[in-house]
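As stored in structure_34.cif (mmCIF, C-alpha atoms):
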```
data_input
#
loop_
_atom_site.group_PDB
_atom_site.id
_atom_site.type_symbol
_atom_site.label_atom_id
_atom_site.label_comp_id
_atom_site.auth_asym_id
_atom_site.auth_seq_id
_atom_site.Cartn_x
_atom_site.Cartn_y
_atom_site.Cartn_z
ATOM 1 C CA MET K 1 -59.235 53.217 -2.287
ATOM 2 C CA ASP K 2 -55.990 51.240 -2.384
ATOM 3 C CA ASP K 3 -57.223 48.670 0.120
ATOM 4 C CA ALA K 4 -60.572 48.223 -1.675
ATOM 5 C CA LEU K 5 -58.741 47.911 -4.993
ATOM 6 C CA ARG K 6 -56.304 45.413 -3.481
ATOM 7 C CA GLN K 7 -59.119 43.266 -2.070
ATOM 8 C CA ALA K 8 -61.019 43.368 -5.361
ATOM 9 C CA ALA K 9 -57.859 42.403 -7.259
ATOM 10 C CA VAL K 10 -57.139 39.427 -4.991
ATOM 11 C CA GLN K 11 -60.758 38.262 -5.247
ATOM 12 C CA ALA K 12 -60.840 38.703 -9.033
ATOM 13 C CA ILE K 13 -57.604 36.894 -9.874
ATOM 14 C CA SER K 14 -58.359 34.080 -7.400
ATOM 15 C CA ASN K 15 -61.838 33.624 -8.871
ATOM 16 C CA VAL K 16 -60.539 33.536 -12.444
ATOM 17 C CA PHE K 17 -57.798 30.988 -11.710
ATOM 18 C CA GLU K 18 -60.094 28.746 -9.666
ATOM 19 C CA THR K 19 -63.005 28.812 -12.111
ATOM 20 C CA MET K 20 -61.100 28.543 -15.377
ATOM 21 C CA PHE K 21 -58.069 26.458 -14.388
ATOM 22 C CA PHE K 22 -58.925 24.840 -11.029
ATOM 23 C CA VAL K 23 -55.724 26.449 -9.716
ATOM 24 C CA PHE K 24 -55.745 27.921 -6.215
ATOM 25 C CA LEU K 25 -53.514 30.953 -5.695
ATOM 26 C CA GLU K 26 -51.450 31.521 -2.588
ATOM 27 C CA PRO K 27 -50.637 35.190 -1.844
ATOM 28 C CA GLY K 28 -46.956 35.881 -1.162
ATOM 29 C CA ASP K 29 -44.169 38.371 -1.688
ATOM 30 C CA LEU K 30 -41.870 37.658 -4.570
ATOM 31 C CA GLY K 31 -39.605 40.549 -3.560
ATOM 32 C CA SER K 32 -38.675 38.997 -0.216
ATOM 33 C CA ALA K 33 -39.004 35.349 -1.200
ATOM 34 C CA GLY K 34 -36.916 35.690 -4.332
ATOM 35 C CA LEU K 35 -37.249 33.570 -7.411
ATOM 36 C CA ASP K 36 -37.117 29.824 -6.914
ATOM 37 C CA PRO K 37 -34.734 27.825 -9.085
ATOM 38 C CA GLY K 38 -37.586 26.820 -11.368
ATOM 39 C CA THR K 39 -38.504 30.421 -12.081
ATOM 40 C CA ALA K 40 -35.141 32.209 -11.983
ATOM 41 C CA GLY K 41 -33.926 32.946 -15.463
ATOM 42 C CA ALA K 42 -37.232 31.833 -16.915
ATOM 43 C CA GLU K 43 -39.007 33.667 -19.660
ATOM 44 C CA TRP K 44 -42.055 35.621 -18.577
ATOM 45 C CA LEU K 45 -45.123 36.698 -20.462
ATOM 46 C CA ARG K 46 -46.209 40.222 -19.604
ATOM 47 C CA CYS K 47 -49.747 41.130 -20.557
ATOM 48 C CA THR K 48 -50.929 44.733 -20.316
ATOM 49 C CA ILE K 49 -54.486 45.985 -20.563
ATOM 50 C CA GLY K 50 -55.609 49.592 -20.242
ATOM 51 C CA PHE K 51 -58.804 50.604 -18.472
ATOM 52 C CA GLN K 52 -60.867 53.786 -18.259
ATOM 53 C CA GLY K 53 -63.669 54.492 -15.800
ATOM 54 C CA ARG K 54 -63.865 56.290 -12.476
ATOM 55 C CA ILE K 55 -60.160 55.530 -12.361
ATOM 56 C CA ALA K 56 -57.962 54.878 -15.385
ATOM 57 C CA GLY K 57 -54.636 53.196 -15.900
ATOM 58 C CA HIS K 58 -53.077 49.867 -16.752
ATOM 59 C CA LEU K 59 -53.244 46.342 -15.380
ATOM 60 C CA ARG K 60 -50.255 44.076 -15.968
ATOM 61 C CA LEU K 61 -50.146 40.343 -15.456
ATOM 62 C CA TRP K 62 -46.779 38.565 -15.316
ATOM 63 C CA ILE K 63 -46.745 34.823 -15.697
ATOM 64 C CA PRO K 64 -43.846 32.428 -16.383
ATOM 65 C CA TYR K 65 -43.967 31.264 -19.975
ATOM 66 C CA SER K 66 -43.791 27.616 -18.875
ATOM 67 C CA LEU K 67 -46.835 28.052 -16.633
ATOM 68 C CA ALA K 68 -48.721 29.873 -19.392
ATOM 69 C CA CYS K 69 -48.061 26.932 -21.722
ATOM 70 C CA GLU K 70 -49.257 24.421 -19.117
ATOM 71 C CA LEU K 71 -52.416 26.391 -18.373
ATOM 72 C CA ALA K 72 -53.179 26.820 -22.078
ATOM 73 C CA THR K 73 -52.603 23.119 -22.721
ATOM 74 C CA ASN K 74 -55.015 22.145 -19.947
ATOM 75 C CA PHE K 75 -57.501 24.909 -20.701
ATOM 76 C CA LEU K 76 -57.766 23.856 -24.342
ATOM 77 C CA GLY K 77 -57.658 20.137 -23.585
ATOM 78 C CA LEU K 78 -54.677 19.632 -25.895
ATOM 79 C CA GLU K 79 -52.752 16.359 -26.091
ATOM 80 C CA THR K 80 -49.504 18.143 -27.003
ATOM 81 C CA GLU K 81 -48.062 21.301 -25.434
ATOM 82 C CA ALA K 82 -49.743 24.539 -26.427
ATOM 83 C CA SER K 83 -47.929 26.675 -28.992
ATOM 84 C CA GLU K 84 -46.542 30.105 -28.146
ATOM 85 C CA ALA K 85 -49.465 31.698 -29.999
ATOM 86 C CA GLN K 86 -51.951 29.681 -27.933
ATOM 87 C CA ALA K 87 -50.162 30.549 -24.680
ATOM 88 C CA VAL K 88 -50.097 34.249 -25.567
ATOM 89 C CA ASP K 89 -53.782 34.240 -26.551
ATOM 90 C CA MET K 90 -54.686 32.473 -23.308
ATOM 91 C CA VAL K 91 -52.724 34.975 -21.186
ATOM 92 C CA LYS K 92 -54.408 37.889 -22.959
ATOM 93 C CA GLU K 93 -57.816 36.411 -22.205
ATOM 94 C CA LEU K 94 -56.730 35.719 -18.644
ATOM 95 C CA ALA K 95 -55.714 39.362 -18.104
ATOM 96 C CA ASN K 96 -58.959 40.482 -19.712
ATOM 97 C CA MET K 97 -60.982 38.329 -17.313
ATOM 98 C CA VAL K 98 -59.035 39.522 -14.272
ATOM 99 C CA CYS K 99 -59.461 43.167 -15.262
ATOM 100 C CA GLY K 100 -63.173 42.848 -16.069
ATOM 101 C CA ASN K 101 -63.875 40.975 -12.848
ATOM 102 C CA LEU K 102 -61.791 43.361 -10.779
ATOM 103 C CA PHE K 103 -63.889 46.371 -11.754
ATOM 104 C CA SER K 104 -67.154 44.422 -11.430
ATOM 105 C CA ILE K 105 -66.189 43.874 -7.789
ATOM 106 C CA PHE K 106 -64.509 47.214 -7.120
ATOM 107 C CA ASP K 107 -67.032 49.540 -8.754
ATOM 108 C CA ASN K 108 -70.129 47.721 -9.994
ATOM 109 C CA GLN K 109 -72.108 50.892 -10.774
ATOM 110 C CA GLN K 110 -69.546 52.313 -13.176
ATOM 111 C CA VAL K 111 -68.870 51.171 -16.735
ATOM 112 C CA TYR K 112 -65.171 50.569 -17.328
ATOM 113 C CA ILE K 113 -63.871 50.513 -20.869
ATOM 114 C CA LEU K 114 -61.123 47.931 -21.348
ATOM 115 C CA ASP K 115 -58.541 48.223 -24.116
ATOM 116 C CA MET K 116 -57.419 45.253 -26.167
ATOM 117 C CA PRO K 117 -54.803 43.331 -24.160
ATOM 118 C CA ALA K 118 -51.228 43.138 -25.466
ATOM 119 C CA ALA K 119 -48.752 40.415 -24.421
ATOM 120 C CA GLU K 120 -45.032 39.983 -24.947
ATOM 121 C CA LEU K 121 -42.056 38.078 -23.542
ATOM 122 C CA ALA K 122 -40.263 40.229 -20.972
ATOM 123 C CA ALA K 123 -37.844 40.128 -18.030
ATOM 124 C CA LEU K 124 -39.410 40.494 -14.583
ATOM 125 C CA LYS K 125 -37.750 42.858 -12.103
ATOM 126 C CA THR K 126 -38.122 41.378 -8.620
ATOM 127 C CA GLU K 127 -35.823 43.335 -6.364
ATOM 128 C CA PRO K 128 -37.523 45.694 -3.895
ATOM 129 C CA GLY K 129 -37.066 49.241 -5.140
ATOM 130 C CA ALA K 130 -35.672 48.087 -8.469
ATOM 131 C CA ALA K 131 -35.407 50.844 -11.010
ATOM 132 C CA GLY K 132 -38.152 50.734 -13.568
ATOM 133 C CA LEU K 133 -40.783 49.210 -11.301
ATOM 134 C CA PRO K 134 -43.998 51.134 -11.834
ATOM 135 C CA PRO K 135 -45.823 52.857 -8.966
ATOM 136 C CA GLY K 136 -49.166 51.432 -7.887
ATOM 137 C CA LEU K 137 -50.480 48.161 -6.591
ATOM 138 C CA ARG K 138 -48.327 45.046 -6.878
ATOM 139 C CA LEU K 139 -49.561 41.598 -5.825
ATOM 140 C CA ASP K 140 -47.623 38.330 -5.975
ATOM 141 C CA PHE K 141 -49.092 34.840 -5.848
ATOM 142 C CA LEU K 142 -47.859 31.297 -6.024
ATOM 143 C CA ALA K 143 -49.661 29.285 -8.690
ATOM 144 C CA GLU K 144 -48.706 25.640 -9.115
ATOM 145 C CA ASP K 145 -45.456 26.428 -7.195
ATOM 146 C CA ARG K 146 -44.498 29.263 -9.535
ATOM 147 C CA TRP K 147 -44.809 32.996 -9.034
ATOM 148 C CA ILE K 148 -47.189 35.202 -10.897
ATOM 149 C CA ARG K 149 -47.480 38.965 -10.436
ATOM 150 C CA LEU K 150 -50.371 41.366 -10.870
ATOM 151 C CA GLU K 151 -49.672 45.104 -11.148
ATOM 152 C CA ILE K 152 -52.280 47.832 -11.257
ATOM 153 C CA GLU K 153 -50.982 51.243 -12.186
ATOM 154 C CA PRO K 154 -53.617 53.974 -11.968
ATOM 155 C CA ARG K 155 -52.920 57.124 -13.948
ATOM 156 C CA PRO K 156 -52.980 60.342 -11.941
ATOM 157 C CA ALA K 157 -56.317 62.130 -12.216
ATOM 158 C CA PRO K 158 -56.166 65.058 -14.641
ATOM 159 C CA ALA K 159 -55.910 68.430 -12.965
ATOM 160 C CA GLY K 160 -59.283 70.179 -12.698
ATOM 161 C CA PRO K 161 -59.855 73.918 -13.198
ATOM 162 C CA ASN K 162 -59.488 74.568 -9.462
ATOM 163 C CA ASN K 163 -56.378 72.421 -8.984
ATOM 164 C CA MET V 1 -83.882 19.383 -31.912
ATOM 165 C CA ALA V 2 -80.326 20.477 -32.678
ATOM 166 C CA TYR V 3 -79.454 24.166 -32.875
ATOM 167 C CA ASN V 4 -76.946 25.930 -35.094
ATOM 168 C CA VAL V 5 -74.626 28.073 -32.991
ATOM 169 C CA LEU V 6 -72.392 31.026 -33.893
ATOM 170 C CA ILE V 7 -69.576 31.842 -31.437
ATOM 171 C CA VAL V 8 -68.086 35.345 -31.745
ATOM 172 C CA ASP V 9 -64.905 36.165 -29.840
ATOM 173 C CA ASP V 10 -61.590 37.695 -30.876
ATOM 174 C CA SER V 11 -59.761 35.085 -28.785
ATOM 175 C CA GLN V 12 -59.300 31.766 -30.556
ATOM 176 C CA THR V 13 -58.730 30.243 -27.117
ATOM 177 C CA MET V 14 -62.103 31.396 -25.827
ATOM 178 C CA ARG V 15 -63.906 30.314 -29.006
ATOM 179 C CA THR V 16 -62.442 26.835 -28.570
ATOM 180 C CA VAL V 17 -63.312 26.674 -24.874
ATOM 181 C CA ILE V 18 -66.859 27.977 -25.389
ATOM 182 C CA LYS V 19 -67.388 25.509 -28.234
ATOM 183 C CA LYS V 20 -66.220 22.610 -26.049
ATOM 184 C CA THR V 21 -68.257 23.859 -23.117
ATOM 185 C CA VAL V 22 -71.412 24.039 -25.224
ATOM 186 C CA ALA V 23 -70.691 20.560 -26.583
ATOM 187 C CA ILE V 24 -70.333 18.961 -23.139
ATOM 188 C CA SER V 25 -73.177 20.942 -21.587
ATOM 189 C CA GLY V 26 -75.804 18.646 -23.039
ATOM 190 C CA PHE V 27 -77.186 21.360 -25.320
ATOM 191 C CA GLU V 28 -77.927 19.814 -28.725
ATOM 192 C CA ILE V 29 -75.733 21.417 -31.389
ATOM 193 C CA GLY V 30 -76.160 21.114 -35.122
ATOM 194 C CA ALA V 31 -73.528 23.195 -36.877
ATOM 195 C CA CYS V 32 -71.168 25.493 -34.979
ATOM 196 C CA TRP V 33 -69.523 28.479 -36.656
ATOM 197 C CA GLU V 34 -66.912 30.849 -35.311
ATOM 198 C CA ALA V 35 -66.182 34.525 -35.946
ATOM 199 C CA GLY V 36 -63.430 36.790 -34.627
ATOM 200 C CA ASP V 37 -65.518 39.977 -34.404
ATOM 201 C CA GLY V 38 -68.906 41.439 -35.274
ATOM 202 C CA LEU V 39 -68.115 41.963 -38.941
ATOM 203 C CA GLU V 40 -67.038 38.349 -39.388
ATOM 204 C CA ALA V 41 -70.225 37.303 -37.608
ATOM 205 C CA LEU V 42 -72.361 39.263 -40.068
ATOM 206 C CA ALA V 43 -70.536 37.566 -42.936
ATOM 207 C CA VAL V 44 -71.360 34.144 -41.470
ATOM 208 C CA LEU V 45 -75.005 35.162 -41.011
ATOM 209 C CA ASN V 46 -75.199 36.127 -44.683
ATOM 210 C CA GLU V 47 -74.337 32.557 -45.628
ATOM 211 C CA GLN V 48 -75.661 30.315 -42.861
ATOM 212 C CA TRP V 49 -78.795 29.698 -40.828
ATOM 213 C CA VAL V 50 -77.978 30.391 -37.180
ATOM 214 C CA ASP V 51 -80.314 29.653 -34.252
ATOM 215 C CA ILE V 52 -78.344 31.305 -31.460
ATOM 216 C CA ILE V 53 -75.334 33.599 -31.139
ATOM 217 C CA LEU V 54 -72.851 33.638 -28.257
ATOM 218 C CA THR V 55 -70.762 36.794 -28.449
ATOM 219 C CA ASP V 56 -67.998 38.528 -26.576
ATOM 220 C CA LEU V 57 -68.322 42.247 -25.897
ATOM 221 C CA ASN V 58 -64.840 43.700 -26.295
ATOM 222 C CA MET V 59 -63.650 42.984 -29.853
ATOM 223 C CA PRO V 60 -61.869 44.954 -32.582
ATOM 224 C CA ARG V 61 -63.649 46.434 -35.631
ATOM 225 C CA MET V 62 -67.211 45.686 -34.423
ATOM 226 C CA ASN V 63 -67.812 44.914 -30.747
ATOM 227 C CA GLY V 64 -70.576 42.813 -29.231
ATOM 228 C CA LEU V 65 -73.004 45.649 -28.536
ATOM 229 C CA GLU V 66 -72.574 47.040 -32.055
ATOM 230 C CA LEU V 67 -73.268 43.561 -33.387
ATOM 231 C CA VAL V 68 -76.457 43.295 -31.308
ATOM 232 C CA LYS V 69 -77.615 46.721 -32.531
ATOM 233 C CA THR V 70 -77.026 45.689 -36.138
ATOM 234 C CA LEU V 71 -78.812 42.356 -35.734
ATOM 235 C CA LYS V 72 -81.830 43.848 -33.976
ATOM 236 C CA GLY V 73 -82.133 46.518 -36.661
ATOM 237 C CA ASP V 74 -82.367 43.966 -39.449
ATOM 238 C CA GLU V 75 -85.661 42.138 -40.073
ATOM 239 C CA ALA V 76 -83.753 39.058 -41.222
ATOM 240 C CA THR V 77 -81.723 38.659 -38.037
ATOM 241 C CA ARG V 78 -83.682 40.349 -35.243
ATOM 242 C CA HIS V 79 -85.266 37.050 -34.165
ATOM 243 C CA ILE V 80 -81.912 35.380 -33.400
ATOM 244 C CA PRO V 81 -81.290 35.234 -29.644
ATOM 245 C CA VAL V 82 -77.931 36.647 -28.609
ATOM 246 C CA VAL V 83 -76.102 35.725 -25.422
ATOM 247 C CA LEU V 84 -73.354 38.075 -24.285
ATOM 248 C CA ILE V 85 -70.371 36.286 -22.727
ATOM 249 C CA THR V 86 -68.027 38.883 -21.338
ATOM 250 C CA THR V 87 -65.615 39.714 -18.557
ATOM 251 C CA GLU V 88 -67.388 42.980 -17.833
ATOM 252 C CA GLY V 89 -70.153 42.890 -15.252
ATOM 253 C CA SER V 90 -71.162 46.416 -14.320
ATOM 254 C CA GLU V 91 -74.907 46.810 -13.825
ATOM 255 C CA ALA V 92 -75.034 49.723 -16.241
ATOM 256 C CA ARG V 93 -73.342 47.678 -18.966
ATOM 257 C CA VAL V 94 -75.630 44.686 -18.428
ATOM 258 C CA GLN V 95 -78.750 46.891 -18.487
ATOM 259 C CA GLU V 96 -77.524 48.581 -21.664
ATOM 260 C CA ALA V 97 -77.073 45.197 -23.297
ATOM 261 C CA TYR V 98 -80.534 43.978 -22.283
ATOM 262 C CA ALA V 99 -82.050 47.236 -23.534
ATOM 263 C CA LEU V 100 -80.469 46.540 -26.916
ATOM 264 C CA GLY V 101 -82.142 43.146 -26.998
ATOM 265 C CA ILE V 102 -79.776 40.471 -25.753
ATOM 266 C CA ALA V 103 -81.484 37.295 -24.557
ATOM 267 C CA GLY V 104 -78.940 36.374 -21.901
ATOM 268 C CA TYR V 105 -75.743 37.375 -20.207
ATOM 269 C CA ILE V 106 -72.907 35.255 -18.824
ATOM 270 C CA GLN V 107 -69.877 36.705 -17.077
ATOM 271 C CA LYS V 108 -66.451 35.180 -17.630
ATOM 272 C CA PRO V 109 -65.117 33.143 -15.945
ATOM 273 C CA PHE V 110 -68.004 30.723 -16.157
ATOM 274 C CA TYR V 111 -68.835 27.171 -15.240
ATOM 275 C CA PRO V 112 -70.200 24.919 -18.033
ATOM 276 C CA GLU V 113 -73.534 24.771 -16.234
ATOM 277 C CA ALA V 114 -73.984 28.520 -16.671
ATOM 278 C CA ILE V 115 -73.852 28.173 -20.449
ATOM 279 C CA ARG V 116 -76.087 25.107 -20.517
ATOM 280 C CA ASP V 117 -78.721 26.728 -18.294
ATOM 281 C CA ALA V 118 -78.694 29.975 -20.276
ATOM 282 C CA LEU V 119 -79.016 28.196 -23.620
ATOM 283 C CA ASN V 120 -81.793 25.891 -22.464
ATOM 284 C CA LYS V 121 -83.737 28.772 -20.921
ATOM 285 C CA ILE V 122 -83.406 30.920 -24.025
ATOM 286 C CA MET V 123 -84.335 28.222 -26.529
ATOM 287 C CA GLU V 124 -87.487 27.375 -24.549
ATOM 288 C CA GLN V 125 -88.715 30.933 -25.045
ATOM 289 C CA PRO V 126 -90.404 32.326 -28.177
ATOM 290 C CA HIS V 127 -88.275 34.846 -30.090
ATOM 291 C CA GLY V 128 -89.222 37.484 -32.573
#
```
If you took the structure in this file and wrote it as structure tokens, what would it be?
Amino acid sequence: MDDALRQAAVQAISNVFETMFFVFLEPGDLGSAGLDPGTAGAEWLRCTIGFQGRIAGHLRLWIPYSLACELATNFLGLETEASEAQAVDMVKELANMVCGNLFSIFDNQQVYILDMPAAELAALKTEPGAAGLPPGLRLDFLAEDRWIRLEIEPRPAPAGPNN
Amino acid sequence: MAYNVLIVDDSQTMRTVIKKTVAISGFEIGACWEAGDGLEALAVLNEQWVDIILTDLNMPRMNGLELVKTLKGDEATRHIPVVLITTEGSEARVQEAYALGIAGYIQKPFYPEAIRDALNKIMEQPHG
């Protein structure tokens, strides 16, 4: 399942970025590459959205705040830089689109219920094996020369009567 | 002929983008109203004449499917075509939405042409 979920996630996030922002993602590994000077010490927006279906859990999208502002500015066709509220709203919609598309690709026959996305400024842990990193699928991409990260954290299936 | 459009989405960003997309798609718009969820949409419909509704699915308070159910159960609003614009694309969900009476379905992310084609197709058809 992990490989199918991984492929669906890559396809979903690539499709969303290309269609909505005309940005082409380049898969990479932030853990081994490390943060570039433009991203190190930067503020990140972390958006979390819960899902329930054949599998349940959380999807998290990490995106540098500066990139979120640029994408929101272009997406909305603004002449001045997008506000924090506009950047946060855009990232929430972005995570919503990635999550919805992911499960359309991964499991088209099953209805998945998506929670309302929540976004906040947060610090990204990048070191391999860093404490606090959640288990599950973690995918890194370069977007406009900055890293973004997608995490999918399935919840363990509840124990059945025979388990 | 210009059509009055109601855009329902809890994301201000998406309402703005959909509004701009409809505007550049070549579809003739009269007035364009916005609502943040199904309940706000019903309030707009109490006050304004709307020819077509573009609604998100996943919204607080009253979601898109609940809005469609309410509209189709009311003689005054059942004729208004509703297009669902949503991130979710499971076949079961789409079939459920069509069974409730939606006139069209567009999955996010979308190209402007998808909205233009859906609107033109829907407005060429009789509704009731």
Residues in the PyMOL selection byres ((chain K and resi 61) around 6), expressed as a PyMOL selection string: chain K and resi 46-47+60+62+149-150
Near chain K, 10 Å: chain V residue rows, closest pairs, all atoms listed in the file, as CSV:
```
residue,atom,partner,partner_atom,distance
V:Asp10,CA,K:Glu93,CA,9.5
V:Ser11,CA,K:Asp89,CA,6.4
V:Gln12,CA,K:Asp89,CA,7.3
V:Thr13,CA,K:Met90,CA,6.0
V:Met14,CA,K:Glu93,CA,7.5
V:Thr16,CA,K:Leu76,CA,7.0
V:Val17,CA,K:Leu76,CA,6.2
V:Lys20,CA,K:Leu76,CA,8.7
V:Asn58,CA,K:Leu114,CA,7.5
V:Met59,CA,K:Met116,CA,7.6
V:Pro60,CA,K:Met116,CA,7.8
V:Thr86,CA,K:Met97,CA,8.1
V:Thr87,CA,K:Gly100,CA,4.7
V:Glu88,CA,K:Gly100,CA,4.6
V:Gly89,CA,K:Ser104,CA,5.1
V:Ser90,CA,K:Asn108,CA,4.6
V:Glu91,CA,K:Gln109,CA,5.8
V:Ala92,CA,K:Gln109,CA,6.3
V:Arg93,CA,K:Val111,CA,6.1
V:Val94,CA,K:Val111,CA,9.5
V:Gln107,CA,K:Asn101,CA,8.5
V:Lys108,CA,K:Met97,CA,6.3
V:Pro109,CA,K:Val16,CA,5.8
V:Phe110,CA,K:Thr19,CA,6.7
V:Tyr111,CA,K:Thr19,CA,6.8
```
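Nearest residue to Trp147 (chain K), choosing from K:Ala8, K:Ala42, K:Ala122, K:Leu78 and counting all atoms listed in the file: K:Ala42.
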Taking the file as shown, find all residues satisfying the PyMOL selection byres ((chain V and resi 56) around 9) and write them as a short mmCIF file (atom, residue, chain, number, x, y, z; two decimals) with C-alpha atoms, in the coordinates of the input.
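Saved to out-v7.cif:
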```cif
data_model
loop_
_atom_site.label_atom_id
_atom_site.label_comp_id
_atom_site.auth_asym_id
_atom_site.auth_seq_id
_atom_site.Cartn_x
_atom_site.Cartn_y
_atom_site.Cartn_z
CA ILE V 7 -69.58 31.84 -31.44
CA VAL V 8 -68.09 35.34 -31.74
CA ASP V 9 -64.90 36.16 -29.84
CA ASP V 10 -61.59 37.70 -30.88
CA ASP V 37 -65.52 39.98 -34.40
CA LEU V 54 -72.85 33.64 -28.26
CA THR V 55 -70.76 36.79 -28.45
CA LEU V 57 -68.32 42.25 -25.90
CA ASN V 58 -64.84 43.70 -26.30
CA MET V 59 -63.65 42.98 -29.85
CA ASN V 63 -67.81 44.91 -30.75
CA GLY V 64 -70.58 42.81 -29.23
CA LEU V 65 -73.00 45.65 -28.54
CA VAL V 83 -76.10 35.72 -25.42
CA LEU V 84 -73.35 38.08 -24.28
CA ILE V 85 -70.37 36.29 -22.73
CA THR V 86 -68.03 38.88 -21.34
CA THR V 87 -65.61 39.71 -18.56
#
```
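Interatomic distance, CA of His58 (chain K) to CA of Ile102 (chain V): 29.7 Å.
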So which residues touch Ala143 (chain K) within 12 Å, counting only C-alpha atoms, skipping near sequence neighbours fewer than 5 positions away, as a short mmCIF file (atom, residue, chain, number, x, y, z; two decimals) with C-alpha atoms, in the frame of the given file?
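See out_13.cif below for the written result:
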```
data_model
loop_
_atom_site.label_atom_id
_atom_site.label_comp_id
_atom_site.auth_asym_id
_atom_site.auth_seq_id
_atom_site.Cartn_x
_atom_site.Cartn_y
_atom_site.Cartn_z
CA ILE K 13 -57.60 36.89 -9.87
CA SER K 14 -58.36 34.08 -7.40
CA PHE K 17 -57.80 30.99 -11.71
CA GLU K 18 -60.09 28.75 -9.67
CA PHE K 21 -58.07 26.46 -14.39
CA PHE K 22 -58.92 24.84 -11.03
CA VAL K 23 -55.72 26.45 -9.72
CA PHE K 24 -55.74 27.92 -6.22
CA LEU K 25 -53.51 30.95 -5.70
CA GLU K 26 -51.45 31.52 -2.59
CA PRO K 27 -50.64 35.19 -1.84
CA GLY K 28 -46.96 35.88 -1.16
CA THR K 39 -38.50 30.42 -12.08
CA TRP K 62 -46.78 38.56 -15.32
CA ILE K 63 -46.74 34.82 -15.70
CA PRO K 64 -43.85 32.43 -16.38
CA SER K 66 -43.79 27.62 -18.88
CA LEU K 67 -46.84 28.05 -16.63
CA ALA K 68 -48.72 29.87 -19.39
CA GLU K 70 -49.26 24.42 -19.12
CA LEU K 71 -52.42 26.39 -18.37
CA ILE K 148 -47.19 35.20 -10.90
CA ARG K 149 -47.48 38.97 -10.44
#
```
Can you measure CA of Tyr105 (chain V) to CA of Ile122 (chain V) for me? One decimal in Å is fine. 10.7 Å
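Coordinates place CA of Val10 (chain K) at a distance of 25.3 Å from CA of Ile18 (chain V).
Of the residues under consideration (V:Glu66, V:Phe27, V:Thr21, V:Asn4), V:Asn4 shows the shortest atom-to-atom contact distance to Trp49 (chain V) when counting only C-alpha atoms.
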Quick one: everything within 7 Å of Val5 (chain V), counting only C-alpha atoms, minus sequence neighbours fewer than 2 positions away in the same chain. Send it as an mmCIF file with C-alpha atoms, in the frame of the given file.
```
data_model
loop_
_atom_site.group_PDB
_atom_site.id
_atom_site.type_symbol
_atom_site.label_atom_id
_atom_site.label_comp_id
_atom_site.auth_asym_id
_atom_site.auth_seq_id
_atom_site.Cartn_x
_atom_site.Cartn_y
_atom_site.Cartn_z
ATOM 1 C CA TYR V 3 -79.454 24.166 -32.875
ATOM 2 C CA ILE V 7 -69.576 31.842 -31.437
ATOM 3 C CA ILE V 29 -75.733 21.417 -31.389
ATOM 4 C CA ALA V 31 -73.528 23.195 -36.877
ATOM 5 C CA CYS V 32 -71.168 25.493 -34.979
ATOM 6 C CA TRP V 33 -69.523 28.479 -36.656
ATOM 7 C CA VAL V 50 -77.978 30.391 -37.180
ATOM 8 C CA ASP V 51 -80.314 29.653 -34.252
ATOM 9 C CA ILE V 52 -78.344 31.305 -31.460
ATOM 10 C CA ILE V 53 -75.334 33.599 -31.139
#
```
For the structure shown, which residues end up in the PyMOL selection byres ((chain V and resi 38) around 6)? Put them as a list in words, please?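 Selection result, ordered by chain and number: Asp37, Leu39, Glu40, Ala41, Met62, Asn63 and Leu67 of chain V.
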Could you write out the selected residues, including C-alpha atoms, as an mmCIF file, in the coordinates of the input?
```
data_model
loop_
_atom_site.group_PDB
_atom_site.id
_atom_site.type_symbol
_atom_site.label_atom_id
_atom_site.label_comp_id
_atom_site.auth_asym_id
_atom_site.auth_seq_id
_atom_site.Cartn_x
_atom_site.Cartn_y
_atom_site.Cartn_z
ATOM 1 C CA ASP V 37 -65.518 39.977 -34.404
ATOM 2 C CA LEU V 39 -68.115 41.963 -38.941
ATOM 3 C CA GLU V 40 -67.038 38.349 -39.388
ATOM 4 C CA ALA V 41 -70.225 37.303 -37.608
ATOM 5 C CA MET V 62 -67.211 45.686 -34.423
ATOM 6 C CA ASN V 63 -67.812 44.914 -30.747
ATOM 7 C CA LEU V 67 -73.268 43.561 -33.387
#
```
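Minimum distance to Glu96 (chain V) across V:Glu34, V:Gln48, V:Lys69, V:Ala23 (counting all atoms listed in the file) occurs at V:Lys69.
The shortest atom-to-atom distance to Glu120 (chain K), with only C-alpha atoms taken into account, belongs to K:Glu43 out of K:Leu30, K:Pro154, K:Glu43, K:Asp3.
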Padding 5 Å on each side, edges along x, y and z: where is the centre of the box around the listed atoms of region 45-62 of chain V, and how long are its edges in Å to one decimal? Output it as lines of an AutoDock Vina configuration file.
```
center_x = -71.1
center_y = 38.0
center_z = -35.8
size_x = 28.4
size_y = 26.8
size_z = 29.7
```
